[in-house]
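**Q** After the structure tokens below, expect a handful of questions from me.
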Amino acid sequence: MAPRDYDIIVVGAGMVGSSMALRLAASGLRIALVAPSLERKLDTHQYEEFDPRVVALTAASRELFERLGIWPELARQRVCPYRKMHVWDGEGSGKIDFSAAELGCEALGHIVENRLIVAELMTALKSSGVTMITGEVAGLIYTEAGVGGVTLADGDSFHSGLTIAADGAQSALRDFAGIGVREWSYGQSAIVTTVRTAQHHQHTAWQRFMATGPLAFLPLCESPDDVDSRYSSIVWSADQSFAASLMALNDTDFAERLAQSFEHCLGAVEQVAKRHCIPLVQRHARTYFQPGLALVGDAAHSIHPLAGQGVNLGLLDVEALAQEILRAQNRGVAMADVSILRRYERERMGHNLTMMAAMESFKRLFGARDLRLLWLRNCALRSADSLPLLKNTLAREAMGLSLS
Ligand SMILES: Cc1cc2nc3c(=O)[nH]c(=O)nc-3n(C[C@H](O)[C@H](O)[C@H](O)COP(=O)(O)OP(=O)(O)OC[C@H]3O[C@@H](n4cnc5c(N)ncnc54)[C@H](O)[C@@H]3O)c2cc1C
């Protein structure tokens, strides 16, 4: 039976919660990780099919995974570096190109399947000293000092100095704590699937902006030696009614429509895996903490996938909170002390809000049908493409390098 008392309980074993627990594992603090399906995540280490959910990891996220010791094993599997990024306006002639060679680095980022990341984190957690508790949190325990632990749906309860909610965009812990969110629908859904194209993807991340929403092709590799892969993961964000009509197409018609919308950049779309349609909602918690409780990752903020920043922001939350916790531990400060949590919020909230505002502006700018705006954004893209300094700054921000 798992002990009842911990310094820190992390709730949620997605990419963010698992990284949080592993980041603190060597601290000497008593850490527990609670999630409903830990066994399933541990069992599924090798997969034949690509996961339809992938993320474009920035250099900053890769550095965190290197520090956690999971990067070498991930890199031996299906991690695909992208060395170029080509972004263009489907309604005009504006375009912008980024290249790793121009920036003097090996890759702009890496495309990795979500479940491979989680499986590697789980494998590392098994021997990390973190206590793994399978269960769904059904409530918070309050003490005079604030949140003092969690109760599970089966009635079990566990006490902690600090509880970290990493339970995703629909965070139950955020609701239990009564923390409000600013939330609005983008009016779009994202269709995600894996496709095989006639031509190889050239290790390039492609994004075409259309008035109905952006379409991204993200390169995938079957192994590290797979140099001419023709597999890509697509994220097609589209106004909801248009997304529904795309989902209703059979595979052949969808493949044709997709290739056409992508201007046949990689030739015909020859194969399409099962499609998934995810409604896109932006959420931002009004605060990232309460005494004894901190929110990280999607529990604190969820954002449009058009710039592939969601989990990258969550992993920056992990590093910022971990540093505050370790500093407090060195100084003998209690885990629930609000000064720790306030500093964490101060460090992360401004940056997350800036990124969310930028994504909202992009979405609106590229969703506009007004001819003046069309002209303006095409001029802006062309100018940015021809100004190396500005381009360099944009690329470094997107890679998370401005923060590291
Ligand atoms: C279409 C799409 C494309 C995206 N592409 C990118 C990209 O390219 N780059 C990028 O950085 N981000 C991307 N994102 C965002 C990224 O997927 C999310 O930011 C990320 O998955 C959030 O991880 P998380 O660990 O915070 O939450 P989640 O992955 O949602 O994990 C939450 C965990 O909490 C557990 N849980 C939930 N409730 C409870 C409870 N009551 N008790 C215990 N456990 C609980 C769940 O079981 C789960 O383990 C994309 C998102 C979408 C929708």
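If you're wondering about the labels, chains in the structure tokens are A, B, ... by order shown, residues count from 1 in each chain, ligands from 1 in order shown.
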Can you tell me which residues surround Leu38 (chain A) at a distance of at most 8 Å, considering only C-alpha atoms, apart from same-chain residues fewer than 4 positions away, and format the answer as a list in words?
**A**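 So, after excluding close chain neighbours, the residues are Ala13, Leu42, Met132, Ile133 and Thr134 of chain A.
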**Q** Write out as a PyMOL selection string which residues come within 7 Å of Arg78 (chain A) when counting only C-alpha atoms, dropping same-chain ones fewer than 5 positions away.
**A** chain A and resi 112+221-224
**Q** Using only C-alpha atoms and all ligand atoms, which of the listed residues (A:Val147, A:Ala101, A:Ala75, A:Leu173) sits closest to ligand 1?
**A**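 The shortest atom-to-atom distance to ligand 1 comes from A:Leu173.
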**Q** If you measure from CA of Ala336 (chain A) to CA of Leu162 (chain A), what distance in Å do you get, rounded to one decimal?
**A**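 Separation of CA of Ala336 (chain A) and CA of Leu162 (chain A): 5.3 Å.
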**Q** What does the structure give for the distance between CA of Ala172 (chain A) and CA of Ala328 (chain A), in Å to one decimal?
**A**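 Here the two named atoms are 27.2 Å from each other.
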**Q** Just want the 8 Å neighbourhood of region 183-198 of chain A, counted on only C-alpha atoms, with same-chain residues fewer than 4 positions away dropped. Output as a ChimeraX atom specification.
**A** /A:50-53,213,230-240,243,247,266-284,304
**Q** Skip Arg4 (chain A) itself and residues of its chain fewer than 5 positions away, then list as a ChimeraX atom specification all residues within 10 Å of it, counting only C-alpha atoms.
**A** /A:32,149,156-160
**Q** Counting only C-alpha atoms and all ligand atoms, which of A:Val181, A:Met210, A:Met85, A:Val318 gets nearest to ligand 1?
**A**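 Looking at the shortest contact to ligand 1, the residue is A:Val318.
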**Q** I want to know what sits within 10 Å of Gly292 (chain A), based on only C-alpha atoms, with residues of the same chain fewer than 6 positions away left out; could you give that as a PyMOL selection string?
**A** chain A and resi 8+142-143+145-149+160-164+334-338+341
**Q** Taking 4 positions as the minimum chain separation for residues in the same chain, which residues sit within 12 Å of Arg83 (chain A) when counting only C-alpha atoms? Answer as a list in words.
**A**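 Once the adjacent positions are removed, what remains is Asp97, Phe98, Ser99, Ala100, Ala101, Glu102, Leu103, Gly104, Cys105, Glu106, Ala107, Leu108, Gly109, His110, Ile111, His201, Gln202, His203, Thr204, Ala205, Trp206, Leu218, Pro219, Ala395 and Met399 of chain A.
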**Q** Residues of region 208-303 of chain A within 9 Å of region 307-310 of chain A: nearest atom pair and distance (Å, one decimal) for each, counting only C-alpha atoms, sorted by chain and number, as JSON lines?
**A**
{"residue": "A:Gly297", "atom": "CA", "partner": "A:Gly310", "partner_atom": "CA", "distance": 7.8}
{"residue": "A:Asp298", "atom": "CA", "partner": "A:Gly310", "partner_atom": "CA", "distance": 7.4}
{"residue": "A:His301", "atom": "CA", "partner": "A:Gly310", "partner_atom": "CA", "distance": 8.1}
{"residue": "A:Ser302", "atom": "CA", "partner": "A:Gly310", "partner_atom": "CA", "distance": 6.4}
{"residue": "A:Ile303", "atom": "CA", "partner": "A:Gly310", "partner_atom": "CA", "distance": 5.9}
